[in-house]
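Worksheet for the structure shown next.
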Amino acid sequence: MTAPMTDPRRPSVLRVLPAAALLSGLPALAGSPVTFTERAFQAGCNHIHQTVSLFSDLEFQNAGGAVGDFDRDGDQDLFVIGGSAGTDRLYLNDGTGNFIDVSAAAGIDQSHRGSGVAVADFDNDGDLDIMVTSVGSSAAQGPGTNKLYRNNGDGTFTDVAFNMGVKFTNPSVGDAYSASFGDYDLDGRLDLAVAGYFGGNRLYRNLGSVFLNVTPAALPQDMASVRGFTPRFVDMDGDRYPDLLWVGDFFTSRYLVNNGAGVFIDQTAASGTSLDSNGMGSAVADFDNDGDLDWYVTSRINYDMTAGSGNMLYLQGPTPHVYTENSVPAGVNFGLWGWGTDAQDFDHDGHVDLVATNGFDGNFTQDPTRFYLNNADGTFTEAAGSAGITDTGQGRGLLTADFDNDGDRDIIIFNNRQPMLLYRNDLPNPGAHAITVFLDTRGVPGVAPDGIGSMVTATTDAGSQIRHVHANSNYLAQSEMSAHFGLGSATAADLTIAYADGTTVTYPDVPAGRYTIVRYACFADLNRDGNSNIFDILDFISLYNTRHPNADANFDGQYNIFDILEYINAFNAGCP
């Protein structure tokens, strides 16, 4: 990955940009409205990624992790890749943003050439499971010994990768990097995509008892030539069927459209994407607030800008699946050697910002992490320094989550062969002008767990914003599975949830805060224990008293006698 290959389809993509373009990518002098404090050591999760070899044995591209509420206690926990000279770690959040290492007790403290992590409830039992990709055992380079940890619900995990058919995604060599979960056939079970660097790109359909490799039938035949780093399941055209955005090295990124019949059609050339010379990281968001999703891909660019495309910003136009590359005018191109990235509204002004980590050997060993604030006019301001994000390490994976439950997004950076970093977002009074939505769809037939694949819209007087709920990798790392909205000056918003099965529900005038919105298979059984009894009534009273959207039984934005009567009617009707 040290030099871009020539792509005969796009011989002119490598650009020598003019000085004006170079300046547009340099750090701005303006201050940041949000600041961060690095506190991994204080939080108890200052794990160091370690490898047996210090050479280019594929592990030089590794260091990742993922967040998820593994014990379902309402806060975000953390899984971290250890490396071949270390062990993987599981940290449970104590509810305040501090962590307790439970790796040994959980049974995940394994040493291997781990690369990436994906989190989802793949077996639909209500607990989050963990997919860990690998480029080989800790002893030697060989077939990747991926791990699929089934959550036993008692604090322990069992590796079922072999039985589920995903232990060896490439039978010849360990090349598995990022993995992502998504329900591409809309059957309510989460399928799996794994990116492979040496031909090991795989798509697995979840049959319940096993993952079936459907790559030959479902993906284009040339996927073996894709130097895969990061796949993402995202519905880019609003037809509910998630498409696949597959980021790859050496001009091999692919834009694959789901035809709804189990086949992905290669529309890379027609879409205007795959201009990234060395695609690595991936973020999807509506950067221009025009109602559709756009795509940001990290890549590399030399300091003198004579080689490499730099990071790419693909803005979707009025025609679905057609994009305009806009990274240079937007000021987000010059990221040096880009890896992990994420798009979130960090300052709560109602516009999605970007963070991207960097680093590589040679001239790129001190690359700074980039933090781009959205100016709401099509441009971004680079503000890492004034925001307190001072990382210049060997950044690889990156994720965001609200670890301290204060209503804003924090940032974790996983550095290759160096300590991880946790940047706490110190935005003043963050919960007053933001809404965070988690979806709970347990027990709803035909809908994926945690509402994966759903689209959430927040509307205020200033306009509407959209978020896609997903279990996708940013590059070796997966962020919090929620829809997070900054509301600007507003303190409430109308929330509309469009589930992947076509059902749409609107909750008017939801106050700022953090919510888990539950879609019930049976509204009478609020605690989902299979019975309608006094405990469900008590749960409804608690929701009603706290003005939780789940207690707005008639969806009118009010909490009054009509909601109580609505629930009484549902309770009396019972469950089928």
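Ligands are numbered from 1 in the order shown, chains are lettered A, B, ... in the order of the structure tokens, and residues start at 1 in each chain.
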
Query - All residues 10 Å or closer to A:Asn98, only C-alpha atoms, same chain fewer than 2 positions away omitted, as a ChimeraX atom specification - result: /A:39-45,77,91-96,100,403-404

With C-alpha atoms retained, export the selected residues as a compact mmCIF listing (two decimals), in the first residue's frame.
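So the final result, stored in out-v5.txt, reads:
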# COMPACT_ATOMS: atom_id res chain seq x y z
CA ARG A 39 -8.52 10.84 29.27
CA ALA A 40 -7.95 7.21 28.26
CA PHE A 41 -5.63 6.59 31.22
CA GLN A 42 -8.01 8.21 33.71
CA ALA A 43 -10.94 6.26 32.24
CA GLY A 44 -9.16 2.93 32.66
CA CYS A 45 -8.93 1.96 29.00
CA ASP A 77 -18.98 -0.58 26.61
CA TYR A 91 -14.13 -2.92 29.05
CA LEU A 92 -17.49 -2.45 30.74
CA ASN A 93 -18.67 1.12 31.29
CA ASP A 94 -19.60 1.96 34.89
CA GLY A 95 -22.12 4.54 33.65
CA THR A 96 -19.87 7.57 34.10
CA ILE A 100 -13.61 -1.94 34.16
CA PHE A 403 -19.40 7.23 26.88
CA ASP A 404 -20.30 9.52 29.78

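When only C-alpha atoms are used to compute distances to A:Ser482, the closest of the residues A:Arg409, A:His433, A:Arg370, A:Arg189 turns out to be A:Arg409.
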
**Report entry** Nearest residue to A:Asn302 from the set A:Asp235, A:Glu38, A:Asp367, A:Asp127 (distances using only C-alpha atoms)
**Finding:**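 Selected residue with least distance to A:Asn302: A:Asp367.
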
So that each row is one residue of stretch 337-441 of chain A with an atom at most 10 Å from stretch 303-320 of chain A, can you give its shortest atom pair and the distance in Å to one decimal, using only C-alpha atoms, rows by chain and rising number, as CSV?
residue,atom,partner,partner_atom,distance
A:Trp337,CA,A:Gly310,CA,7.9
A:Gly338,CA,A:Asn311,CA,7.2
A:Trp339,CA,A:Asn311,CA,9.6
A:Ala356,CA,A:Asn311,CA,9.5
A:Asn363,CA,A:Tyr303,CA,8.7
A:Phe364,CA,A:Tyr303,CA,8.9

Query raised in the report: What are the DSSP alpha helix (DSSP H) residues of stretch 272-498 of chain A, as a VMD selection string?
Result: chain A and resid 327 to 330 384 to 387

Requested in this report: Give the strand (DSSP E) residues of stretch 192-303 of chain A, as assigned by DSSP on the backbone, as a ChimeraX atom specification.
Outcome: /A:192-196,202-206,211-213,227-234,243-249,254-258,264-266,282-285,294-297

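Residues in contact with A:Ala218 at 9 Å, where only C-alpha atoms are counted and same-chain residues fewer than 3 positions away are skipped, are listed as Leu203, Val214, Thr215, Gly262, Val263, Phe264 and Ile265 of chain A.
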
Requested in this report: Have a look at A:Asp292, A:Asp406, A:Asp183, A:Asp88 and name the one nearest to A:Pro428; count only C-alpha atoms.
Outcome: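 For A:Pro428, the nearest of the given residues is A:Asp406.
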